[in-house]
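J.: One file: my_file27.txt (compact mmCIF, C-alpha atoms and all ligand atoms).
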# COMPACT_ATOMS: atom_id res chain seq x y z
CA MET O 1 3.57 -12.76 -3.40
CA ASP O 2 6.16 -12.37 -0.70
CA ILE O 3 6.18 -9.03 1.19
CA ASP O 4 8.77 -8.07 3.82
CA VAL O 5 8.27 -4.87 5.79
CA PHE O 6 11.28 -3.44 7.64
CA THR O 7 10.17 -1.25 10.52
CA LEU O 8 11.14 -0.13 14.01
CA PHE O 9 7.57 -0.91 15.13
CA PRO O 10 6.55 -4.40 13.95
CA GLU O 11 3.86 -4.53 16.65
CA TRP O 12 1.90 -1.85 14.72
CA PHE O 13 1.03 -4.55 12.15
CA ALA O 14 -0.59 -7.09 14.52
CA TRP O 15 -4.04 -5.65 13.87
CA PHE O 16 -3.45 -5.33 10.14
CA ARG O 17 -2.42 -8.97 9.80
CA GLU O 18 -5.74 -10.10 11.28
CA GLN O 19 -7.92 -8.36 8.71
CA ARG O 20 -10.07 -10.70 6.62
CA HIS O 21 -8.63 -9.99 3.18
CA VAL O 22 -5.08 -10.15 4.55
CA ARG O 23 -5.78 -13.51 6.22
CA ASN O 24 -7.39 -14.75 3.00
CA ALA O 25 -4.35 -13.72 0.94
CA LEU O 26 -2.03 -15.45 3.42
CA ALA O 27 -4.18 -18.60 3.36
CA GLU O 28 -3.83 -18.57 -0.45
CA GLY O 29 -0.04 -18.62 -0.16
CA ALA O 30 1.04 -14.97 0.16
CA ARG O 31 3.78 -14.32 2.73
CA LEU O 32 3.93 -11.20 4.89
CA ARG O 33 6.74 -10.59 7.35
CA PHE O 34 7.42 -7.66 9.65
CA LEU O 35 11.09 -7.27 10.52
CA ASP O 36 12.55 -5.00 13.16
CA PHE O 37 15.68 -3.48 11.68
CA ARG O 38 16.87 -2.48 15.15
CA GLU O 39 17.52 -6.19 15.85
CA HIS O 40 20.54 -6.22 13.59
CA THR O 41 22.09 -2.88 14.37
CA PRO O 42 25.87 -3.08 14.70
CA LEU O 43 25.74 -0.11 17.10
CA SER O 44 25.50 -0.29 20.87
CA GLY O 45 22.31 0.36 22.81
CA GLY O 46 20.08 -0.44 19.82
CA GLN O 47 21.06 2.77 18.04
CA VAL O 48 19.63 3.11 14.50
CA ASP O 49 19.85 6.84 13.75
CA ASP O 50 22.17 9.78 14.05
CA THR O 51 22.29 13.56 13.71
CA PRO O 52 22.27 14.97 10.16
CA PHE O 53 25.54 16.08 8.58
CA GLY O 54 25.24 19.80 7.83
CA GLY O 55 23.10 20.37 10.90
CA GLY O 56 19.36 20.71 11.29
CA ALA O 57 16.58 19.19 13.34
CA GLY O 58 15.86 15.52 13.87
CA MET O 59 17.63 12.24 13.43
CA VAL O 60 18.42 10.30 10.25
CA LEU O 61 18.26 6.50 9.84
CA ARG O 62 21.78 5.16 9.32
CA VAL O 63 22.91 3.37 6.17
CA ASP O 64 25.09 0.88 8.08
CA VAL O 65 22.09 -0.16 10.21
CA MET O 66 19.89 -0.79 7.15
CA ASP O 67 22.79 -2.59 5.45
CA SER O 68 23.09 -4.98 8.44
CA ALA O 69 19.36 -5.63 8.66
CA LEU O 70 18.95 -6.40 4.94
CA ARG O 71 22.15 -8.45 4.84
CA ALA O 72 21.08 -10.52 7.91
CA HIS O 73 17.65 -11.23 6.46
CA TYR O 74 18.53 -11.92 2.82
CA GLY O 75 22.07 -13.28 3.27
CA LEU O 76 23.54 -11.08 0.56
CA ASP O 77 25.00 -7.62 0.01
CA PRO O 78 21.86 -5.41 -0.18
CA VAL O 79 23.21 -3.62 -3.28
CA GLU O 80 22.29 -6.90 -5.06
CA LEU O 81 18.74 -6.88 -3.69
CA PRO O 82 16.98 -4.57 -6.21
CA ARG O 83 17.99 -6.99 -8.99
CA ARG O 84 16.09 -9.77 -7.18
CA ARG O 85 12.99 -8.01 -5.80
CA ARG O 86 11.36 -4.56 -5.68
CA VAL O 87 12.84 -2.73 -2.68
CA ILE O 88 10.73 0.30 -1.86
CA ALA O 89 11.68 3.20 0.39
CA LEU O 90 8.49 4.80 1.74
CA THR O 91 8.96 8.54 1.54
CA PRO O 92 6.63 11.57 1.17
CA ALA O 93 8.47 12.76 -1.95
CA GLY O 94 8.42 9.38 -3.73
CA ARG O 95 6.44 8.18 -6.75
CA PRO O 96 2.76 8.74 -5.92
CA LEU O 97 0.82 5.53 -5.30
CA ASP O 98 -2.06 5.11 -7.73
CA GLU O 99 -3.97 2.22 -9.27
CA GLU O 100 -1.39 1.68 -12.02
CA TYR O 101 1.45 1.51 -9.50
CA VAL O 102 -0.56 -0.88 -7.28
CA ARG O 103 -1.19 -3.19 -10.25
CA GLU O 104 2.49 -3.08 -11.14
CA LEU O 105 3.45 -4.07 -7.57
CA ALA O 106 0.78 -6.78 -7.33
CA ALA O 107 2.31 -8.44 -10.40
CA GLU O 108 5.72 -8.72 -8.70
CA PRO O 109 6.72 -11.97 -6.97
CA ALA O 110 8.34 -10.17 -4.02
CA LEU O 111 8.40 -6.75 -2.39
CA THR O 112 10.45 -5.23 0.41
CA LEU O 113 9.08 -2.08 2.08
CA LEU O 114 11.34 0.12 4.19
CA CYS O 115 9.55 2.26 6.79
CA GLY O 116 11.36 5.45 7.74
CA ARG O 117 11.03 7.38 11.00
CA TYR O 118 12.31 10.69 12.35
CA GLU O 119 13.83 12.78 9.46
CA GLY O 120 13.84 9.72 7.20
CA PHE O 121 16.59 7.69 5.51
CA ASP O 122 20.22 8.48 4.89
CA GLU O 123 19.97 9.02 1.11
CA ARG O 124 22.56 6.27 0.47
CA ILE O 125 19.93 3.71 1.59
CA VAL O 126 17.65 4.90 -1.20
CA GLU O 127 20.43 5.18 -3.79
CA HIS O 128 22.12 1.84 -3.19
CA PHE O 129 19.56 -0.56 -1.71
CA CYS O 130 16.24 0.49 -3.27
CA SER O 131 14.54 0.16 -6.65
CA ASP O 132 11.70 2.59 -5.85
CA THR O 133 10.61 5.45 -3.64
CA LEU O 134 6.88 5.46 -2.95
CA SER O 135 4.62 8.14 -1.48
CA ILE O 136 1.03 7.58 -0.39
CA GLY O 137 0.33 11.32 -0.73
CA ARG O 138 1.78 14.77 -0.51
CA TYR O 139 1.67 15.11 3.26
CA VAL O 140 4.04 13.95 5.99
CA LEU O 141 3.28 11.10 8.41
CA ALA O 142 5.34 10.42 11.52
CA GLY O 143 6.56 7.13 10.08
CA GLY O 144 6.30 4.71 7.18
CA GLU O 145 4.16 2.10 8.99
CA LEU O 146 0.76 3.44 7.90
CA ALA O 147 2.11 3.93 4.38
CA ALA O 148 3.30 0.30 4.37
CA MET O 149 -0.16 -0.84 5.47
CA VAL O 150 -1.74 1.15 2.64
CA VAL O 151 0.58 -0.48 0.11
CA CYS O 152 0.08 -4.00 1.55
CA ASP O 153 -3.70 -3.53 1.69
CA ALA O 154 -3.97 -2.29 -1.89
CA VAL O 155 -1.62 -4.99 -3.22
CA LEU O 156 -2.97 -7.96 -1.23
CA ARG O 157 -6.60 -7.32 -2.18
CA LYS O 158 -5.54 -7.72 -5.83
CA LEU O 159 -4.38 -11.29 -5.21
CA PRO O 160 -6.64 -14.23 -6.09
CA GLY O 161 -8.72 -15.35 -3.11
CA ALA O 162 -8.15 -12.21 -1.00
CA LEU O 163 -11.67 -10.83 -1.38
CA GLY O 164 -14.75 -12.78 -0.32
CA ASP O 165 -16.28 -12.05 -3.73
CA ALA O 166 -13.64 -11.74 -6.44
CA SER O 167 -16.07 -9.90 -8.71
CA SER O 168 -15.98 -6.86 -6.35
CA ALA O 169 -12.53 -6.02 -7.69
CA VAL O 170 -13.47 -6.46 -11.35
CA GLU O 171 -15.70 -3.41 -11.62
CA GLU O 172 -14.47 -0.85 -9.12
CA SER O 173 -12.95 2.62 -9.28
CA PHE O 174 -10.06 2.88 -11.77
CA SER O 175 -10.56 -0.69 -13.07
CA ALA O 176 -10.29 -1.66 -16.73
CA ALA O 177 -14.02 -2.54 -16.67
CA LEU O 178 -14.73 1.16 -16.00
CA GLU O 179 -11.98 2.28 -18.39
CA GLY O 180 -10.05 3.76 -15.47
CA ARG O 181 -12.91 5.98 -14.28
CA PRO O 182 -14.27 6.30 -10.70
CA GLU O 183 -17.05 3.91 -9.78
CA TYR O 184 -20.75 4.86 -9.93
CA PRO O 185 -22.72 5.46 -6.68
CA HIS O 186 -24.29 2.59 -4.73
CA TYR O 187 -27.54 2.48 -2.74
CA THR O 188 -29.18 -0.12 -0.50
CA ARG O 189 -32.32 -0.45 1.71
CA PRO O 190 -34.32 1.48 2.72
CA ALA O 191 -35.36 2.76 -0.69
CA GLU O 192 -36.75 5.90 1.01
CA TYR O 193 -35.15 7.54 4.06
CA ARG O 194 -35.98 11.00 5.45
CA GLY O 195 -37.39 11.88 2.03
CA TRP O 196 -34.16 10.82 0.25
CA SER O 197 -35.06 8.34 -2.47
CA VAL O 198 -32.96 5.88 -4.34
CA PRO O 199 -32.81 6.62 -8.10
CA GLU O 200 -35.87 4.98 -9.63
CA VAL O 201 -33.92 3.16 -12.33
CA LEU O 202 -32.10 1.03 -9.72
CA LEU O 203 -35.44 -0.35 -8.52
CA SER O 204 -36.69 -1.03 -12.05
CA GLY O 205 -35.06 -4.45 -12.52
CA HIS O 206 -34.18 -3.29 -16.07
CA HIS O 207 -30.55 -4.43 -16.42
CA GLU O 208 -29.69 -2.51 -19.56
CA ARG O 209 -31.06 0.80 -18.19
CA ILE O 210 -29.22 0.22 -14.91
CA ARG O 211 -25.99 -0.47 -16.80
CA GLU O 212 -26.42 2.76 -18.83
CA TRP O 213 -27.25 4.79 -15.71
CA ARG O 214 -24.16 3.47 -13.91
CA GLU O 215 -21.92 4.15 -16.88
CA GLN O 216 -23.25 7.69 -17.13
CA ARG O 217 -22.71 8.39 -13.39
CA SER O 218 -19.19 6.95 -13.61
CA ARG O 219 -18.42 9.20 -16.59
CA GLU O 220 -19.74 12.26 -14.73
CA ARG O 221 -17.55 11.46 -11.71
CA GLY O 222 -14.52 11.07 -13.95
CA GLU O 223 -14.93 14.50 -15.60
C1 LIG E 1 8.53 12.39 9.42
S1 LIG E 1 8.71 11.49 7.97
C2 LIG E 1 10.17 12.17 7.26
C3 LIG E 1 9.86 13.36 6.40
C4 LIG E 1 11.08 13.89 5.67
N1 LIG E 1 11.95 14.59 6.55
C5 LIG E 1 10.59 14.83 4.59
O1 LIG E 1 10.46 16.03 4.84
O2 LIG E 1 10.31 14.36 3.47
C6 LIG E 1 9.28 9.92 8.57
C7 LIG E 1 9.01 8.75 7.66
O3 LIG E 1 7.61 8.58 7.51
C8 LIG E 1 7.34 7.96 6.25
N2 LIG E 1 6.37 8.82 5.53
C9 LIG E 1 5.90 10.01 5.96
N3 LIG E 1 5.01 10.53 5.09
C10 LIG E 1 4.90 9.62 4.08
C11 LIG E 1 4.15 9.59 2.88
N4 LIG E 1 3.33 10.57 2.53
N5 LIG E 1 4.29 8.50 2.06
C12 LIG E 1 5.12 7.49 2.39
N6 LIG E 1 5.87 7.48 3.53
C13 LIG E 1 5.77 8.53 4.36
C14 LIG E 1 8.67 7.84 5.52
O4 LIG E 1 9.11 6.49 5.64
C15 LIG E 1 9.55 8.82 6.26
O5 LIG E 1 10.91 8.45 6.20
Just dump the structure as structure tokens.
Ligand SMILES: C[S@@+](CC[C@H](N)C(=O)[O-])C[C@H]1O[C@@H](n2cnc3c(N)ncnc32)[C@H](O)[C@@H]1O

T.:
Amino acid sequence: MDIDVFTLFPEWFAWFREQRHVRNALAEGARLRFLDFREHTPLSGGQVDDTPFGGGAGMVLRVDVMDSALRAHYGLDPVELPRRRRVIALTPAGRPLDEEYVRELAAEPALTLLCGRYEGFDERIVEHFCSDTLSIGRYVLAGGELAAMVVCDAVLRKLPGALGDASSAVEESFSAALEGRPEYPHYTRPAEYRGWSVPEVLLSGHHERIREWREQRSRERGE
């Protein structure tokens, strides 16, 4: 898996890159790059945005700036790019991210994520350079960086070797093992705390009853 994130704030990702499952995925051969698209702007003074045609508040990220950044990095006309890799514009009104979408992305060899800022992208960036628009939820963040981290996190933890214990991802919320349902509740020590007890069956050591109890709780959560 090869993931490139185009952003105006690559330094935001320094912390993210150091997280255990991210480091594990990188050690297993995944590649993760954070690219500042301001570096390749053809405009003076590092300009990347401009006022919207038709008027209105805010600034819009320019298509010529994104064209230069993608062209400089990939060495081709970015209209060719979506035929070679998934190019994803992060945008509040995009396709909602869910488990199915994450699985689809994790199966790709290469992803490019474009982080917007201000009022977002000139629509020609989305139309001509992107294969997807992706939303992490129906609310508006100040920029695409946190959305990119959400996507990278969800995708990288699907890769072999990313999690300390690979079996954690086998039976978890929305997995095939749970037929797409939410996971059942977990408990740990102490078995009794402030009068709140752990369900008796979990202390019974009876594997079949525990399995049935968990399946039942998962079904109830999925209703
Ligand atoms: C302030 S938002 C732009 C909002 C845009 N004017 C609108 O109303 O849809 C700036 C950038 O943050 C990112 N962003 C904000 N909310 C997001 C979300 N829910 N999912 C994915 N990206 C988001 C996008 O990259 C977007 O271009």

J.: Taking only C-alpha atoms and all ligand atoms into account, list the residues no farther than 9 Å from ligand LIG 1 (chain E), as a tab-separated table (two decimals) with C-alpha atoms, in the coordinates of the input.

T.:
chain	number	residue	atom	x	y	z
O	58	GLY	CA	15.86	15.52	13.87
O	60	VAL	CA	18.42	10.30	10.25
O	61	LEU	CA	18.26	6.50	9.84
O	89	ALA	CA	11.68	3.20	0.39
O	90	LEU	CA	8.49	4.80	1.74
O	91	THR	CA	8.96	8.54	1.54
O	92	PRO	CA	6.63	11.57	1.17
O	93	ALA	CA	8.47	12.76	-1.95
O	94	GLY	CA	8.42	9.38	-3.73
O	96	PRO	CA	2.76	8.74	-5.92
O	97	LEU	CA	0.82	5.53	-5.30
O	114	LEU	CA	11.34	0.12	4.19
O	115	CYS	CA	9.55	2.26	6.79
O	116	GLY	CA	11.36	5.45	7.74
O	117	ARG	CA	11.03	7.38	11.00
O	118	TYR	CA	12.31	10.69	12.35
O	119	GLU	CA	13.83	12.78	9.46
O	120	GLY	CA	13.84	9.72	7.20
O	121	PHE	CA	16.59	7.69	5.51
O	133	THR	CA	10.61	5.45	-3.64
O	134	LEU	CA	6.88	5.46	-2.95
O	135	SER	CA	4.62	8.14	-1.48
O	136	ILE	CA	1.03	7.58	-0.39
O	137	GLY	CA	0.33	11.32	-0.73
O	138	ARG	CA	1.78	14.77	-0.51
O	139	TYR	CA	1.67	15.11	3.26
O	140	VAL	CA	4.04	13.95	5.99
O	141	LEU	CA	3.28	11.10	8.41
O	142	ALA	CA	5.34	10.42	11.52
O	143	GLY	CA	6.56	7.13	10.08
O	144	GLY	CA	6.30	4.71	7.18
O	145	GLU	CA	4.16	2.10	8.99
O	146	LEU	CA	0.76	3.44	7.90
O	147	ALA	CA	2.11	3.93	4.38
O	148	ALA	CA	3.30	0.30	4.37

J.: Tell me, in Å to one decimal, how far CA of Pro185 (chain O) is from CA of Asp98 (chain O).

T.: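 Pair CA of Pro185 (chain O) / CA of Asp98 (chain O) returns 20.7 Å.
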
J.: Near region 209-215 of chain O, within 12 Å and counting all atoms listed in the file, which residues show up once chain neighbours fewer than 2 positions away are dropped, as a ChimeraX atom specification?

T.: /O:171-173,177-187,199-207,217-222

J.: List as a list in words the protein and nucleic acid residues near Val5 (chain O), meaning an atom at most 7 Å away when only C-alpha atoms are counted, but skip any in the same chain fewer than 5 places from it.

T.: Arg33, Phe34, Leu35, Thr112, Leu113 and Leu114 of chain O

J.: Of the residues O:Val48, O:Arg62, O:Leu43, O:His21, which is the one nearest to Asp165 (chain O), using all atoms listed in the file?

T.: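 Nearest to Asp165 (chain O): O:His21.
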
J.: Draw an axis-aligned box tight on the listed atoms of region 61-69 of chain O, then pad every side by 8 Å and write out centre and edge lengths in Å to one decimal as JSON.

T.:
{"center_x": 21.7, "center_y": 0.4, "center_z": 7.8, "size_x": 22.8, "size_y": 28.1, "size_z": 20.8}

J.: Set the distance at 10 Å and use only C-alpha atoms: which residues neighbour Glu11 (chain O) once local chain neighbours fewer than 3 positions away are removed? I'd like the list as JSON, numbers by chain.

T.: {"O": [7, 8, 14, 15, 16, 34, 35, 36]}

J.: Which of these residues is nearest to Glu127 (chain O), using only C-alpha atoms: O:Val22, O:Ile88, O:Ala69, O:Gly46?

T.: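 Among O:Val22, O:Ile88, O:Ala69, O:Gly46, it is O:Ile88 that comes nearest to Glu127 (chain O).
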
J.: Can you work out the spacing between CA of Val65 (chain O) and CA of Leu156 (chain O) in Å, to one decimal?

T.: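 So the answer is 28.6 Å.
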
J.: Could you jot down the CA of Ala169 (chain O) to CA of Ala25 (chain O) separation for me, Å, one decimal place?

T.: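 Straight-line distance from CA of Ala169 (chain O) to CA of Ala25 (chain O) works out to 14.2 Å.
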
J.: Taking only C-alpha atoms into account, which of O:Glu39, O:Asp153, O:Asp49, O:Glu208 comes nearest Asp64 (chain O)?

T.: O:Asp49

J.: Would you please work out which residue, of O:Arg17, O:Arg194, O:His128, O:Arg86, is nearest to Ala106 (chain O) when using all atoms listed in the file?

T.: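 So, comparing all the options, the nearest one is O:Arg86.
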
J.: Kindly indicate which residue among O:Glu100, O:Asp67, O:Glu80, O:Glu108 lies nearest to Ala30 (chain O), using all atoms listed in the file for the distances.

T.: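 Closest to Ala30 (chain O) of all the choices is O:Glu108.
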
J.: Starting from the point (-0.7, -4.8, -5.3), work out which residues of protein, DNA or RNA have an atom no more than 7 Å away when counting all atoms listed in the file; state them as an MDAnalysis selection string.

T.: chainID O and resid 102:107 152 154:156 158

J.: Taking only C-alpha atoms into account, which of O:Ser175, O:Ser131, O:Gln216, O:Gln19 comes nearest Ala162 (chain O)?

T.: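 Using only C-alpha atoms, Ala162 (chain O) sits closest to O:Gln19.
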
J.: Around the point (15.9, -7.4, -1.9) in the file's coordinates, collect all residues with an atom within 10 Å, using all atoms listed in the file, and return them as an MDAnalysis selection string.

T.: chainID O and resid 4 70:71 73:88 110:113 129:131

J.: Export, as a compact mmCIF listing (two decimals), keeping the file's coordinate frame, the selected residues with C-alpha atoms.

T.:
# COMPACT_ATOMS: atom_id res chain seq x y z
CA ASP O 4 8.77 -8.07 3.82
CA LEU O 70 18.95 -6.40 4.94
CA ARG O 71 22.15 -8.45 4.84
CA HIS O 73 17.65 -11.23 6.46
CA TYR O 74 18.53 -11.92 2.82
CA GLY O 75 22.07 -13.28 3.27
CA LEU O 76 23.54 -11.08 0.56
CA ASP O 77 25.00 -7.62 0.01
CA PRO O 78 21.86 -5.41 -0.18
CA VAL O 79 23.21 -3.62 -3.28
CA GLU O 80 22.29 -6.90 -5.06
CA LEU O 81 18.74 -6.88 -3.69
CA PRO O 82 16.98 -4.57 -6.21
CA ARG O 83 17.99 -6.99 -8.99
CA ARG O 84 16.09 -9.77 -7.18
CA ARG O 85 12.99 -8.01 -5.80
CA ARG O 86 11.36 -4.56 -5.68
CA VAL O 87 12.84 -2.73 -2.68
CA ILE O 88 10.73 0.30 -1.86
CA ALA O 110 8.34 -10.17 -4.02
CA LEU O 111 8.40 -6.75 -2.39
CA THR O 112 10.45 -5.23 0.41
CA LEU O 113 9.08 -2.08 2.08
CA PHE O 129 19.56 -0.56 -1.71
CA CYS O 130 16.24 0.49 -3.27
CA SER O 131 14.54 0.16 -6.65
